[in-house]
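Trainee: Before I ask anything, let me first share the structure, which is written out below as structure tokens.
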Amino acid sequence: MHHHHSTELGMARTKAMGGFRLKEFAQPPYRRLPWHEHRDASICFVVSGAYAERMRAQDHECPPHSMVFKPAAERHADEFGREGATCLLIEIGPERLRSLEPVSDVTARPGLVRNAKLAVLGHQIYREFLWGDGLSPLAVEGLILEVLVEAARAGREGPARPRPQWLRQAHDLIHESMSQPLTLSSIAREVGIHPAHLARTFRSHYRRSIGDYVRRLRIERAARDLSDSSASIAEIGLRAGFFDQSHFSRVFRDHTGLTPAAFRTTARAHSRTNPQLPS
């Protein structure tokens with residue numbers, strides 16, 4: 001029986017673009033991949049489907065539209081879900097990685113980041129990979145740099161110091177009531193802290209103002225609804241706490257670069273269970 005050199009990746013197509021190596025692979029449902037490693041640092045974008053990855057004695061769920069970052073030669077094993085998965089693996093050679101400091105840090109340790117902005121960037125890279133023209137290498141290079149910057153920012157939310165109990169309380173409160181109108185003073189009153197102190201401490205721990213944080217939460221919720229539910233755009237905007245559709249569309253576009261309608265089309269275009277692509 002003839003073994004293709006990339007059997008571990010299922011059906012694979014590879015292209016070198018913009019100084020990176022891109023590989024697409026589709027895995028059948030319930031496929032298990034034994035422990036293996038990739039020679040170079042990598043970013044795996046889950047185009048559709050999902051899988052669980054075991055790395056350093058920890059299991060990570062890798063849902064659709066997420067990005068999984070790994071250092072070079074990081075051992076891992078994978079189990080694919082009931083729909084299998086289509087993934088785009090972006091490999092970054094050592095010289096290329098050195099040229100990308102300081103954002104190359106995001107591949108220094110394993111991690112997973114999933115947000116609306118990365119979903120858009122990932123699908124745009126995938127589209128260039130599939131239907132590329134002469135400008136695609138340049139486009140892909142720019143998009144991958146944007147991914148690294150966004151992931152570096154998203155990954156820096158973890159606090160360097162312990163959060164006071166009242167701040168955790170405020171954080172939970174924001175998550176529970178993100179679709180209602182929130183005021184800084186009502187949150188501050190609830191946790192018994194002066195509003196100015198709350199605003200300052202929140203920013204120093206979460207790297208953004210409360211207003212920005214809530215707006216981002218609402219956008220993330222709306223992005224999930226746009227790709228997973230069939231509710232109307234107006235309804236999704238309302239559910240996420242936006243009072244009219246044009247305001248929702250404007251904020252969503254500022255954050256992700258796409259209107260809600262375009263985001264829905266993009267997120268769904270690639271998530272139909274893998275059409276067999278010509279290899």
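Naming scheme: A, B, ... for chains in displayed order of the structure tokens; residues 1 onward per chain; ligands 1 onward as shown.
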Step one, run DSSP on the backbone; step two, keep only residues of range 66-241 of chain A assigned to alpha helix (DSSP H); then write them as a ChimeraX atom specification.
Mentor: /A:94-98,116-131,136-155,165-176,184-191,195-206,210-228,233-239
Trainee: Using only C-alpha atoms, what table do you get, as a Markdown table, when you list each residue of range 7-122 of chain A with an atom no more than 12 Å from range 136-146 of chain A, its nearest pair of atoms, and their distance in Å rounded to one decimal, rows by chain then rising number?
Mentor:
| residue | atom | partner | partner_atom | distance |
| --- | --- | --- | --- | --- |
| A:Lys15 | CA | A:Pro137 | CA | 9.8 |
| A:Ala16 | CA | A:Pro137 | CA | 8.2 |
| A:Met17 | CA | A:Pro137 | CA | 4.6 |
| A:Gly18 | CA | A:Pro137 | CA | 4.4 |
| A:Gly19 | CA | A:Glu141 | CA | 7.2 |
| A:Phe20 | CA | A:Glu141 | CA | 7.6 |
| A:Arg21 | CA | A:Val140 | CA | 10.6 |
| A:Leu22 | CA | A:Val140 | CA | 9.8 |
| A:Ser42 | CA | A:Ile144 | CA | 11.3 |
| A:Ile43 | CA | A:Ile144 | CA | 9.4 |
| A:Cys44 | CA | A:Ile144 | CA | 11.5 |
| A:Phe45 | CA | A:Ile144 | CA | 11.1 |
| A:Met67 | CA | A:Ile144 | CA | 11.5 |
| A:Leu89 | CA | A:Ile144 | CA | 11.7 |
| A:Ile90 | CA | A:Ile144 | CA | 8.7 |
| A:Glu91 | CA | A:Ile144 | CA | 10.8 |
| A:Ile92 | CA | A:Ile144 | CA | 10.3 |
| A:Arg96 | CA | A:Glu141 | CA | 11.2 |
| A:Leu97 | CA | A:Leu145 | CA | 11.1 |
| A:Ser99 | CA | A:Leu145 | CA | 11.2 |
| A:Leu100 | CA | A:Leu145 | CA | 8.2 |
| A:Glu101 | CA | A:Leu145 | CA | 10.7 |
| A:Pro102 | CA | A:Leu145 | CA | 11.1 |
| A:Val103 | CA | A:Leu145 | CA | 8.3 |
| A:Ser104 | CA | A:Leu145 | CA | 9.6 |
| A:Val106 | CA | A:Leu145 | CA | 11.5 |
| A:Lys117 | CA | A:Glu146 | CA | 9.7 |
| A:Leu118 | CA | A:Glu146 | CA | 8.7 |
| A:Ala119 | CA | A:Leu143 | CA | 11.6 |
| A:Val120 | CA | A:Leu143 | CA | 9.9 |
| A:Leu121 | CA | A:Leu143 | CA | 6.3 |
| A:Gly122 | CA | A:Leu143 | CA | 8.2 |
Trainee: Find the residues near Pro260 in chain A: any atom within 12 Å, counting only C-alpha atoms, skip ones fewer than 2 places away on the same chain, and give them as a ChimeraX atom specification.
Mentor: /A:116,120,219-227,232-237,245-258,262-267
Trainee: Create the file for the chosen residues now, containing N, CA, C and O atoms and written as a tab-separated table (two decimals), in the first residue's frame.
Mentor:
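Final output, saved to part-v4.tsv:
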chain	number	residue	atom	x	y	z
A	116	ALA	N	-13.87	37.02	17.34
A	116	ALA	CA	-14.49	37.34	16.05
A	116	ALA	C	-13.46	37.86	15.04
A	116	ALA	O	-13.50	37.53	13.86
A	120	VAL	N	-12.43	36.20	11.30
A	120	VAL	CA	-12.44	36.89	10.01
A	120	VAL	C	-11.08	36.76	9.32
A	120	VAL	O	-11.00	36.41	8.14
A	219	ILE	N	-19.85	41.94	20.91
A	219	ILE	CA	-19.47	41.56	19.54
A	219	ILE	C	-19.18	40.07	19.47
A	219	ILE	O	-19.59	39.37	18.53
A	220	GLU	N	-18.47	39.53	20.47
A	220	GLU	CA	-18.15	38.10	20.47
A	220	GLU	C	-19.43	37.27	20.54
A	220	GLU	O	-19.58	36.25	19.87
A	221	ARG	N	-20.36	37.71	21.37
A	221	ARG	CA	-21.63	36.99	21.49
A	221	ARG	C	-22.38	37.03	20.16
A	221	ARG	O	-22.90	36.01	19.68
A	222	ALA	N	-22.42	38.21	19.54
A	222	ALA	CA	-23.12	38.36	18.27
A	222	ALA	C	-22.45	37.50	17.19
A	222	ALA	O	-23.13	36.87	16.38
A	223	ALA	N	-21.11	37.45	17.20
A	223	ALA	CA	-20.39	36.66	16.19
A	223	ALA	C	-20.76	35.18	16.32
A	223	ALA	O	-20.97	34.49	15.33
A	224	ARG	N	-20.84	34.70	17.57
A	224	ARG	CA	-21.23	33.30	17.79
A	224	ARG	C	-22.64	33.07	17.24
A	224	ARG	O	-22.88	32.09	16.54
A	225	ASP	N	-23.56	33.99	17.56
A	225	ASP	CA	-24.92	33.84	17.07
A	225	ASP	C	-25.01	33.90	15.55
A	225	ASP	O	-25.79	33.18	14.93
A	226	LEU	N	-24.21	34.78	14.94
A	226	LEU	CA	-24.26	34.90	13.48
A	226	LEU	C	-23.81	33.61	12.81
A	226	LEU	O	-24.34	33.22	11.78
A	227	SER	N	-22.79	32.95	13.39
A	227	SER	CA	-22.36	31.73	12.70
A	227	SER	C	-23.18	30.50	13.12
A	227	SER	O	-23.30	29.57	12.35
A	232	SER	N	-32.48	36.54	12.85
A	232	SER	CA	-32.19	37.67	11.96
A	232	SER	C	-31.10	38.54	12.58
A	232	SER	O	-30.87	38.52	13.79
A	233	ILE	N	-30.45	39.33	11.72
A	233	ILE	CA	-29.38	40.20	12.20
A	233	ILE	C	-29.90	41.20	13.22
A	233	ILE	O	-29.27	41.47	14.24
A	234	ALA	N	-31.11	41.73	12.98
A	234	ALA	CA	-31.69	42.69	13.93
A	234	ALA	C	-31.88	42.04	15.31
A	234	ALA	O	-31.56	42.63	16.35
A	235	GLU	N	-32.36	40.81	15.28
A	235	GLU	CA	-32.62	40.08	16.53
A	235	GLU	C	-31.31	39.80	17.28
A	235	GLU	O	-31.23	39.94	18.50
A	236	ILE	N	-30.29	39.39	16.54
A	236	ILE	CA	-28.99	39.10	17.15
A	236	ILE	C	-28.40	40.36	17.77
A	236	ILE	O	-27.86	40.34	18.88
A	237	GLY	N	-28.54	41.50	17.06
A	237	GLY	CA	-28.06	42.77	17.60
A	237	GLY	C	-28.76	43.14	18.89
A	237	GLY	O	-28.12	43.54	19.88
A	245	GLN	N	-30.14	48.40	14.58
A	245	GLN	CA	-29.32	47.58	13.71
A	245	GLN	C	-28.15	48.34	13.10
A	245	GLN	O	-27.08	47.80	12.90
A	246	SER	N	-28.35	49.64	12.83
A	246	SER	CA	-27.25	50.36	12.17
A	246	SER	C	-26.10	50.58	13.14
A	246	SER	O	-24.93	50.49	12.77
A	247	HIS	N	-26.43	50.81	14.42
A	247	HIS	CA	-25.38	50.95	15.42
A	247	HIS	C	-24.64	49.61	15.58
A	247	HIS	O	-23.41	49.57	15.59
A	248	PHE	N	-25.40	48.54	15.67
A	248	PHE	CA	-24.81	47.20	15.77
A	248	PHE	C	-23.87	46.95	14.58
A	248	PHE	O	-22.71	46.55	14.74
A	249	SER	N	-24.35	47.23	13.36
A	249	SER	CA	-23.54	46.98	12.17
A	249	SER	C	-22.25	47.79	12.18
A	249	SER	O	-21.19	47.30	11.83
A	250	ARG	N	-22.37	49.05	12.61
A	250	ARG	CA	-21.19	49.92	12.61
A	250	ARG	C	-20.14	49.43	13.60
A	250	ARG	O	-18.96	49.31	13.27
A	251	VAL	N	-20.57	49.12	14.83
A	251	VAL	CA	-19.62	48.66	15.86
A	251	VAL	C	-19.01	47.32	15.44
A	251	VAL	O	-17.80	47.09	15.58
A	252	PHE	N	-19.84	46.44	14.90
A	252	PHE	CA	-19.36	45.11	14.49
A	252	PHE	C	-18.32	45.25	13.39
A	252	PHE	O	-17.28	44.60	13.41
A	253	ARG	N	-18.60	46.16	12.43
A	253	ARG	CA	-17.65	46.34	11.33
A	253	ARG	C	-16.34	46.97	11.81
A	253	ARG	O	-15.26	46.58	11.39
A	254	ASP	N	-16.43	47.92	12.74
A	254	ASP	CA	-15.21	48.53	13.29
A	254	ASP	C	-14.35	47.46	13.95
A	254	ASP	O	-13.13	47.49	13.87
A	255	HIS	N	-15.00	46.53	14.64
A	255	HIS	CA	-14.25	45.54	15.40
A	255	HIS	C	-13.67	44.43	14.53
A	255	HIS	O	-12.55	44.01	14.73
A	256	THR	N	-14.44	43.95	13.56
A	256	THR	CA	-14.00	42.77	12.80
A	256	THR	C	-13.58	43.07	11.37
A	256	THR	O	-12.96	42.24	10.71
A	257	GLY	N	-13.95	44.25	10.87
A	257	GLY	CA	-13.64	44.55	9.47
A	257	GLY	C	-14.73	44.08	8.50
A	257	GLY	O	-14.63	44.30	7.31
A	258	LEU	N	-15.76	43.41	9.02
A	258	LEU	CA	-16.86	42.96	8.16
A	258	LEU	C	-18.20	43.38	8.75
A	258	LEU	O	-18.33	43.47	9.97
A	262	ALA	N	-21.91	40.10	6.13
A	262	ALA	CA	-20.73	39.53	5.47
A	262	ALA	C	-20.04	38.52	6.37
A	262	ALA	O	-19.55	37.49	5.91
A	263	PHE	N	-20.04	38.80	7.68
A	263	PHE	CA	-19.43	37.87	8.63
A	263	PHE	C	-20.18	36.54	8.60
A	263	PHE	O	-19.58	35.47	8.56
A	264	ARG	N	-21.51	36.63	8.61
A	264	ARG	CA	-22.33	35.41	8.60
A	264	ARG	C	-22.03	34.60	7.34
A	264	ARG	O	-21.84	33.38	7.40
A	265	THR	N	-21.97	35.27	6.20
A	265	THR	CA	-21.69	34.57	4.94
A	265	THR	C	-20.32	33.89	4.97
A	265	THR	O	-20.18	32.73	4.59
A	266	THR	N	-19.30	34.63	5.46
A	266	THR	CA	-17.94	34.10	5.52
A	266	THR	C	-17.85	32.91	6.46
A	266	THR	O	-17.29	31.88	6.12
A	267	ALA	N	-18.42	33.08	7.66
A	267	ALA	CA	-18.31	32.01	8.66
A	267	ALA	C	-19.04	30.75	8.19
A	267	ALA	O	-18.65	29.64	8.51
Trainee: Could you please determine the separation between CA of Thr183 in chain A and CA of Ala231 in chain A in Å, to one decimal place?
Mentor: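 Result for CA of Thr183 in chain A versus CA of Ala231 in chain A: 28.1 Å, one decimal.
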Trainee: Which residue out of A:Leu238, A:Leu148, A:Leu167, A:Met55 has the minimum interatomic distance to Tyr206 in chain A when only C-alpha atoms are used?
Mentor: A:Leu167
Trainee: Write down as a PyMOL selection string the residues belonging to range 87-152 of chain A that are assigned strand (DSSP E) by DSSP computed on the backbone.
Mentor: chain A and resi 87-92+111-113
Trainee: Record the distance separating CA of Thr107 in chain A and CA of Pro71 in chain A, expressed in Å with one decimal.
Mentor: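 Distance between the two atoms: 5.1 Å.
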Trainee: Could you pull the residues within 9 Å of range 85-88 of chain A, counting only C-alpha atoms, minus those fewer than 3 positions along the same chain, as a list in words?
Mentor: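 The contact residues come out as Leu22, Lys23, Glu24, Phe25, Ala26, Gln27, Pro28, Pro29, Ile43, Cys44, Phe45, Val46, Val47, Ser48, Gly49, Ala50, Tyr51, Pro64, Phe80, Gly81, Arg82, Gly122, Ile125, Tyr126, His270, Ser271, Thr273 and Asn274 of chain A.
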Trainee: Do you know which residues are at most 9 Å from Leu198 in chain A counting only C-alpha atoms, after dropping those on the same chain fewer than 6 positions away, and could you put them as a ChimeraX atom specification?
Mentor: /A:167,170,184,187-188
Trainee: Write the residues of the selection above to a file with N, CA, C and O atoms, as a compact mmCIF listing (two decimals), in the first residue's frame.
Mentor:
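Output file selection.txt follows:
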# COMPACT_ATOMS: atom_id res chain seq x y z
N LEU A 167 -13.12 42.95 42.24
CA LEU A 167 -12.95 43.10 40.79
C LEU A 167 -13.49 41.86 40.07
O LEU A 167 -14.13 41.96 39.02
N ALA A 170 -17.15 42.26 39.99
CA ALA A 170 -17.56 43.22 38.97
C ALA A 170 -17.50 42.56 37.58
O ALA A 170 -18.39 42.72 36.75
N LEU A 184 -21.35 52.54 34.90
CA LEU A 184 -20.19 52.35 35.75
C LEU A 184 -20.60 52.49 37.22
O LEU A 184 -20.20 51.70 38.08
N ILE A 187 -22.44 49.39 38.62
CA ILE A 187 -21.52 48.27 38.92
C ILE A 187 -20.73 48.60 40.18
O ILE A 187 -20.58 47.76 41.08
N ALA A 188 -20.24 49.84 40.27
CA ALA A 188 -19.42 50.25 41.41
C ALA A 188 -20.23 50.15 42.71
O ALA A 188 -19.73 49.68 43.74
Trainee: What is the CA of Arg163 in chain A-CA of Arg208 in chain A distance in Å, reported with one decimal?
Mentor: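 Interatomic distance, CA of Arg163 in chain A to CA of Arg208 in chain A: 15.1 Å.
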Trainee: What's the 12 Å shell around Ile193 in chain A, counting only C-alpha atoms, without same-chain residues fewer than 3 positions away, as a list in words?
Mentor: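 Close residues of Ile193 in chain A: Pro164, Gln165, Trp166, Leu167, Gln169, Ala170, Leu184, Ser185, Ser186, Ile187, Ala188, Arg189, Glu190, Ala196, His197, Leu198, Ala199, Arg200, Thr201 and Phe202 of chain A.
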Trainee: Rank A:Ala154, A:Leu173, A:Val191, A:Cys62 by their smallest atom-to-atom distance to Asn115 in chain A, using only C-alpha atoms, and report the top residue only.
Mentor: A:Ala154
Trainee: Out of A:Asp40, A:Glu128, A:Asp133, A:Glu74, which residue has the shortest atom-to-atom distance to Glu95 in chain A when counting only C-alpha atoms?
Mentor: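 Closest to Glu95 in chain A, using only C-alpha atoms: A:Asp40.
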